[in-house]
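Structure first, then comments.
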Amino acid sequence: MALLSQLLLFFLSALPYQHLARGDTCGDCFIQSRAAYYPNSDTQGTETGACEYGTFGATLNGGDVSAASNLYRNGVGCGACYQVRCINAKLCSNNGVTIVITDLGASGNTDFILSQHAFARMGQNADAGTSLLSLGFIGIEYRRVSCSYTNRNIAFKIDQSSNYPFYFAFQIWYLQGNKDIIAVQLCETENLTCKLLERSHGAVWAVASPPSGTLSVRMLLSGSDDGDETWVVPPNNIPQNWTSGVIYDSGIQV
C-alpha cells in the first residue's frame, strides 16, 4: 500500500512537468527568449524592413513593430502579431506589448528587435520603460496572438516595382487574426485565367506576365495551430488598369 501511494505521489508531481514539456505545441503558451531594440526608433519602426512595407511598416500598429529572426520564416512571418512581455518583476507589466513583425534581424541571441516605442511599453509605467531601455537587452516571453485593425479591410498595395502590364507585385495589408498567407492566386475575372504568384521577398507577392482584365485575388490561409487551410476570395477586385503605388480595398476582413 505504501508503494502504491509513493507511485501515485510521483505521478501527480510529474504532471506539471509533462505540461511544460508540451508547451512548444500549445498555441496559448508563452515561450521564453530575449529581446533588444532598434536605435533611433523612438516613435516608430524602420522604413527599410525586410518585409518591404516601407513607411507603412514604420508606423503600423502605432509604431509597435519588431524585427524577428526565426519567426520571420522567409517572409511568411511578415505581418504576424505577438504578445511580448519582459520578465523583470520590478519593471515589467503583466500584459507587455503586442507587436507586428515587419523586418528580419537578430542581435545577442534574441528573437525580437523591437522599436524603442514597443520596448518601453513593456514597462509598468514611463519611468519603468526608460529603465528597460537602459538595459538594452532583456529576458522576455512571447506568444502568437491575433492581429486586430479596427475599421480596416484587407488592402492590396501595388508595389513600386510593378510595371503594367508586364510585371505585377503587391503586398497584403491589415490581415486580422493569426493565420498565415501561404499561397496567392491572381485570376482574370471573365475567363477565370489564374496564375499562382511567388513570394519574391518579404511580404511581396509577384508574377511576370499577369492575367489581363479585372483581377481577383485569392489567398490561401493556414491556421497557426490546427494547420487548416482555407481559400479566401475578397469581393472587391483590382481594376484592369492597375497602377503601381496605389492601395486597393479588398472589401473583406477575416
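Chain lettering (A, B, ...) mirrors the order of the C-alpha cells, residue numbering begins at 1 for each chain separately, and ligand numbering begins at 1 in order of display.
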
Determine which residues of stretch 25-187 of chain A DSSP labels as strand (DSSP E) from the backbone of this structure, then write them out as a ChimeraX atom specification. /A:31-37,65-68,81-86,97-104,112-114,138-145,155-158,167-173,179-187

Please provide the set of residues having any atom within 8 Å of A:Ser66, restricted to only C-alpha atoms, with same-chain residues fewer than 6 positions apart removed, written as a PDB file with N, CA and C atoms, in the first residue's frame.
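Below is the file out-v7.pdb, written as the result:
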ATOM      1  N   GLY A  45       9.006  52.241 -36.108  1.00  0.00           N
ATOM      2  CA  GLY A  45       9.981  51.252 -36.513  1.00  0.00           C
ATOM      3  C   GLY A  45      10.805  51.732 -37.697  1.00  0.00           C
ATOM      4  N   ILE A  99       3.083  43.351 -30.769  1.00  0.00           N
ATOM      5  CA  ILE A  99       3.890  43.899 -31.863  1.00  0.00           C
ATOM      6  C   ILE A  99       3.557  43.176 -33.178  1.00  0.00           C
ATOM      7  N   VAL A 100       3.937  43.814 -34.274  1.00  0.00           N
ATOM      8  CA  VAL A 100       3.776  43.238 -35.608  1.00  0.00           C
ATOM      9  C   VAL A 100       5.159  43.048 -36.219  1.00  0.00           C
ATOM     10  N   ILE A 101       5.387  41.889 -36.829  1.00  0.00           N
ATOM     11  CA  ILE A 101       6.669  41.619 -37.480  1.00  0.00           C
ATOM     12  C   ILE A 101       6.739  42.375 -38.806  1.00  0.00           C
ATOM     13  N   THR A 102       7.773  43.206 -38.963  1.00  0.00           N
ATOM     14  CA  THR A 102       7.952  43.980 -40.197  1.00  0.00           C
ATOM     15  C   THR A 102       9.364  43.860 -40.769  1.00  0.00           C
ATOM     16  N   ASP A 103      10.249  43.107 -40.100  1.00  0.00           N
ATOM     17  CA  ASP A 103      11.653  43.107 -40.504  1.00  0.00           C
ATOM     18  C   ASP A 103      12.312  41.801 -40.088  1.00  0.00           C
ATOM     19  N   PHE A 112      13.509  38.899 -30.967  1.00  0.00           N
ATOM     20  CA  PHE A 112      12.873  40.151 -31.378  1.00  0.00           C
ATOM     21  C   PHE A 112      13.847  41.311 -31.232  1.00  0.00           C
ATOM     22  N   ILE A 113      13.800  42.227 -32.213  1.00  0.00           N
ATOM     23  CA  ILE A 113      14.406  43.549 -32.073  1.00  0.00           C
ATOM     24  C   ILE A 113      13.263  44.544 -32.221  1.00  0.00           C
ATOM     25  N   LEU A 114      12.787  45.026 -31.087  1.00  0.00           N
ATOM     26  CA  LEU A 114      11.613  45.887 -31.056  1.00  0.00           C
ATOM     27  C   LEU A 114      11.968  47.332 -31.401  1.00  0.00           C
ATOM     28  N   SER A 115      10.967  48.098 -31.822  1.00  0.00           N
ATOM     29  CA  SER A 115      11.146  49.543 -31.849  1.00  0.00           C
ATOM     30  C   SER A 115      11.308  50.009 -30.405  1.00  0.00           C
TER      31      SER A 115
END

What lies within 8 Å of A:Ile172 using only C-alpha atoms, ignoring chain neighbours under 2 positions off, as a PyMOL selection string? chain A and resi 154-157+170+174-175+203-204

Take the selection from the previous step and output its residues with N, CA, C and O atoms, as a PDB file, in the first residue's frame.
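Produced file part25.pdb, reproduced below:
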ATOM      1  N   ILE A 154      -8.850  44.155 -45.387  1.00  0.00           N
ATOM      2  CA  ILE A 154      -7.596  43.766 -46.028  1.00  0.00           C
ATOM      3  C   ILE A 154      -7.391  44.663 -47.243  1.00  0.00           C
ATOM      4  O   ILE A 154      -8.333  44.963 -47.985  1.00  0.00           O
ATOM      5  N   ALA A 155      -6.163  45.115 -47.443  1.00  0.00           N
ATOM      6  CA  ALA A 155      -5.851  46.015 -48.559  1.00  0.00           C
ATOM      7  C   ALA A 155      -4.715  45.446 -49.388  1.00  0.00           C
ATOM      8  O   ALA A 155      -3.841  44.739 -48.883  1.00  0.00           O
ATOM      9  N   PHE A 156      -4.744  45.765 -50.687  1.00  0.00           N
ATOM     10  CA  PHE A 156      -3.697  45.345 -51.610  1.00  0.00           C
ATOM     11  C   PHE A 156      -2.902  46.574 -52.053  1.00  0.00           C
ATOM     12  O   PHE A 156      -3.447  47.461 -52.715  1.00  0.00           O
ATOM     13  N   LYS A 157      -1.646  46.624 -51.658  1.00  0.00           N
ATOM     14  CA  LYS A 157      -0.780  47.742 -52.059  1.00  0.00           C
ATOM     15  C   LYS A 157       0.073  47.284 -53.244  1.00  0.00           C
ATOM     16  O   LYS A 157       0.897  46.379 -53.128  1.00  0.00           O
ATOM     17  N   PHE A 170       2.644  42.926 -55.383  1.00  0.00           N
ATOM     18  CA  PHE A 170       1.850  43.647 -54.392  1.00  0.00           C
ATOM     19  C   PHE A 170       2.048  43.045 -53.004  1.00  0.00           C
ATOM     20  O   PHE A 170       2.599  41.956 -52.846  1.00  0.00           O
ATOM     21  N   TYR A 174      -3.126  44.623 -43.438  1.00  0.00           N
ATOM     22  CA  TYR A 174      -4.235  44.583 -42.481  1.00  0.00           C
ATOM     23  C   TYR A 174      -4.945  43.218 -42.412  1.00  0.00           C
ATOM     24  O   TYR A 174      -6.172  43.160 -42.278  1.00  0.00           O
ATOM     25  N   LEU A 175      -4.192  42.140 -42.496  1.00  0.00           N
ATOM     26  CA  LEU A 175      -4.797  40.822 -42.310  1.00  0.00           C
ATOM     27  C   LEU A 175      -4.988  40.573 -40.819  1.00  0.00           C
ATOM     28  O   LEU A 175      -4.021  40.510 -40.060  1.00  0.00           O
ATOM     29  N   ALA A 203       7.112  40.499 -47.739  1.00  0.00           N
ATOM     30  CA  ALA A 203       5.664  40.367 -47.877  1.00  0.00           C
ATOM     31  C   ALA A 203       5.198  40.608 -49.306  1.00  0.00           C
ATOM     32  O   ALA A 203       4.002  40.777 -49.548  1.00  0.00           O
ATOM     33  N   VAL A 204       6.111  40.621 -50.259  1.00  0.00           N
ATOM     34  CA  VAL A 204       5.788  40.951 -51.652  1.00  0.00           C
ATOM     35  C   VAL A 204       5.490  39.681 -52.443  1.00  0.00           C
ATOM     36  O   VAL A 204       6.315  38.769 -52.517  1.00  0.00           O
TER      37      VAL A 204
END

Polymer residues at most 9 Å from stretch 124-129 of chain A, only C-alpha atoms, same-chain spacing of 2 or more positions, as a ChimeraX atom specification: /A:90-94,96,119-122,131-134

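Closest approach to A:Val232 from the set A:Gly245, A:Gly251, A:Pro39, A:Gly136 is made by A:Gly251, with distances taken over only C-alpha atoms.
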
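Every protein or nucleic acid residue with an atom no more than 9 Å from A:Arg199, counting only C-alpha atoms and leaving out same-chain residues fewer than 2 positions away, appears here: Gly75, Val76, Ile182, Ala183, Val184, Leu197, His201, Gly202, Ala203, Val204, Trp205 and Ala206 of chain A.
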
Saved selection, atoms kept: C-alpha atoms, as a CSV table (one decimal), in the first residue's frame:
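So the final result, stored in selection33.csv, reads:
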chain,number,residue,atom,x,y,z
A,75,GLY,CA,8.7,36.3,-45.2
A,76,VAL,CA,5.8,34.1,-44.1
A,182,ILE,CA,0.9,30.6,-47.7
A,183,ALA,CA,-0.3,31.0,-51.3
A,184,VAL,CA,-1.8,33.7,-53.6
A,197,LEU,CA,2.2,34.1,-57.5
A,201,HIS,CA,10.8,38.7,-50.9
A,202,GLY,CA,9.4,39.7,-47.6
A,203,ALA,CA,5.7,40.4,-47.9
A,204,VAL,CA,5.8,41.0,-51.7
A,205,TRP,CA,3.9,38.6,-54.0
A,206,ALA,CA,4.8,38.8,-57.6

Using only C-alpha atoms, the shortest atom-to-atom distance to A:Ala208 among A:Tyr37, A:Tyr72, A:Tyr149, A:Phe168 belongs to A:Phe168

Within 7 Å of A:Glu188 using only C-alpha atoms, minus same-chain residues under 2 positions, as JSON, numbers by chain: {"A": [186, 190, 191, 192, 193, 194, 211, 212, 213, 214, 215, 216]}

Interatomic distance (Å, one decimal) between atom CA of A:Lys195 and atom CA of A:Ser209: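 Spanning atom CA of A:Lys195 to atom CA of A:Ser209 is a straight-line distance of 9.3 Å.
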
Any chance you could list, as a list in words, the residues in stretch 85-250 of chain A that come up helix (DSSP H, G or I) when DSSP is run on the backbone?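 Filtering stretch 85-250 of chain A to helix (DSSP H, G or I) leaves Gln116, His117, Ala118, Phe119, Ala120, Ala126, Asp127, Ala128, Gly129, Thr130, Ser131, Leu132, Leu133, Ser134 and Leu135 of chain A.
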
For the selection just defined, write its residues with N, CA, C and O atoms to a file, as a PDB file, in the first residue's frame.
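Generated file (again24.pdb):
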ATOM      1  N   GLN A 116      11.974  51.128 -30.211  1.00  0.00           N
ATOM      2  CA  GLN A 116      12.109  51.665 -28.850  1.00  0.00           C
ATOM      3  C   GLN A 116      10.734  51.893 -28.221  1.00  0.00           C
ATOM      4  O   GLN A 116      10.539  51.669 -27.020  1.00  0.00           O
ATOM      5  N   HIS A 117       9.807  52.341 -29.037  1.00  0.00           N
ATOM      6  CA  HIS A 117       8.450  52.604 -28.562  1.00  0.00           C
ATOM      7  C   HIS A 117       7.850  51.340 -27.966  1.00  0.00           C
ATOM      8  O   HIS A 117       7.284  51.359 -26.860  1.00  0.00           O
ATOM      9  N   ALA A 118       7.970  50.217 -28.673  1.00  0.00           N
ATOM     10  CA  ALA A 118       7.417  48.952 -28.197  1.00  0.00           C
ATOM     11  C   ALA A 118       8.185  48.418 -26.990  1.00  0.00           C
ATOM     12  O   ALA A 118       7.593  47.893 -26.038  1.00  0.00           O
ATOM     13  N   PHE A 119       9.506  48.562 -27.023  1.00  0.00           N
ATOM     14  CA  PHE A 119      10.348  48.067 -25.931  1.00  0.00           C
ATOM     15  C   PHE A 119       9.975  48.766 -24.616  1.00  0.00           C
ATOM     16  O   PHE A 119       9.803  48.123 -23.574  1.00  0.00           O
ATOM     17  N   ALA A 120       9.820  50.094 -24.668  1.00  0.00           N
ATOM     18  CA  ALA A 120       9.484  50.851 -23.463  1.00  0.00           C
ATOM     19  C   ALA A 120       8.080  50.538 -22.967  1.00  0.00           C
ATOM     20  O   ALA A 120       7.814  50.599 -21.759  1.00  0.00           O
ATOM     21  N   ALA A 126       6.030  54.926 -17.490  1.00  0.00           N
ATOM     22  CA  ALA A 126       7.040  55.592 -18.313  1.00  0.00           C
ATOM     23  C   ALA A 126       8.434  55.483 -17.714  1.00  0.00           C
ATOM     24  O   ALA A 126       9.420  55.253 -18.433  1.00  0.00           O
ATOM     25  N   ASP A 127       8.561  55.643 -16.409  1.00  0.00           N
ATOM     26  CA  ASP A 127       9.871  55.536 -15.770  1.00  0.00           C
ATOM     27  C   ASP A 127      10.431  54.120 -15.901  1.00  0.00           C
ATOM     28  O   ASP A 127      11.635  53.936 -16.144  1.00  0.00           O
ATOM     29  N   ALA A 128       9.552  53.129 -15.722  1.00  0.00           N
ATOM     30  CA  ALA A 128       9.994  51.742 -15.879  1.00  0.00           C
ATOM     31  C   ALA A 128      10.428  51.477 -17.318  1.00  0.00           C
ATOM     32  O   ALA A 128      11.410  50.765 -17.562  1.00  0.00           O
ATOM     33  N   GLY A 129       9.707  52.074 -18.283  1.00  0.00           N
ATOM     34  CA  GLY A 129      10.095  51.929 -19.678  1.00  0.00           C
ATOM     35  C   GLY A 129      11.466  52.504 -19.956  1.00  0.00           C
ATOM     36  O   GLY A 129      12.268  51.917 -20.695  1.00  0.00           O
ATOM     37  N   THR A 130      11.757  53.661 -19.359  1.00  0.00           N
ATOM     38  CA  THR A 130      13.076  54.268 -19.505  1.00  0.00           C
ATOM     39  C   THR A 130      14.161  53.365 -18.907  1.00  0.00           C
ATOM     40  O   THR A 130      15.245  53.207 -19.493  1.00  0.00           O
ATOM     41  N   SER A 131      13.856  52.752 -17.783  1.00  0.00           N
ATOM     42  CA  SER A 131      14.808  51.838 -17.152  1.00  0.00           C
ATOM     43  C   SER A 131      15.048  50.615 -18.021  1.00  0.00           C
ATOM     44  O   SER A 131      16.181  50.116 -18.132  1.00  0.00           O
ATOM     45  N   LEU A 132      14.001  50.122 -18.674  1.00  0.00           N
ATOM     46  CA  LEU A 132      14.163  48.979 -19.572  1.00  0.00           C
ATOM     47  C   LEU A 132      15.084  49.335 -20.743  1.00  0.00           C
ATOM     48  O   LEU A 132      15.951  48.551 -21.133  1.00  0.00           O
ATOM     49  N   LEU A 133      14.887  50.528 -21.298  1.00  0.00           N
ATOM     50  CA  LEU A 133      15.723  50.958 -22.424  1.00  0.00           C
ATOM     51  C   LEU A 133      17.192  51.036 -22.027  1.00  0.00           C
ATOM     52  O   LEU A 133      18.083  50.750 -22.838  1.00  0.00           O
ATOM     53  N   SER A 134      17.460  51.384 -20.783  1.00  0.00           N
ATOM     54  CA  SER A 134      18.855  51.486 -20.330  1.00  0.00           C
ATOM     55  C   SER A 134      19.532  50.120 -20.261  1.00  0.00           C
ATOM     56  O   SER A 134      20.757  50.026 -20.288  1.00  0.00           O
ATOM     57  N   LEU A 135      18.743  49.058 -20.207  1.00  0.00           N
ATOM     58  CA  LEU A 135      19.305  47.710 -20.139  1.00  0.00           C
ATOM     59  C   LEU A 135      19.771  47.206 -21.507  1.00  0.00           C
ATOM     60  O   LEU A 135      20.684  46.392 -21.591  1.00  0.00           O
TER      61      LEU A 135
END

What is the atom CA of A:Met219 to atom CA of A:Asp180 distance in Å?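 We find that atom CA of A:Met219 and atom CA of A:Asp180 lie 9.8 Å from each other.
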
Which of these, A:Val254, A:Val84, A:Cys147, A:Leu104, has the shortest distance to A:Thr48 once you count only C-alpha atoms? A:Leu104

Of the candidates A:Thr55, A:Thr110, A:Gln160, A:Asn178, which one gets nearest to A:Tyr82 if we count only C-alpha atoms?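 With only C-alpha atoms as the atom set, the closest residue is A:Asn178.
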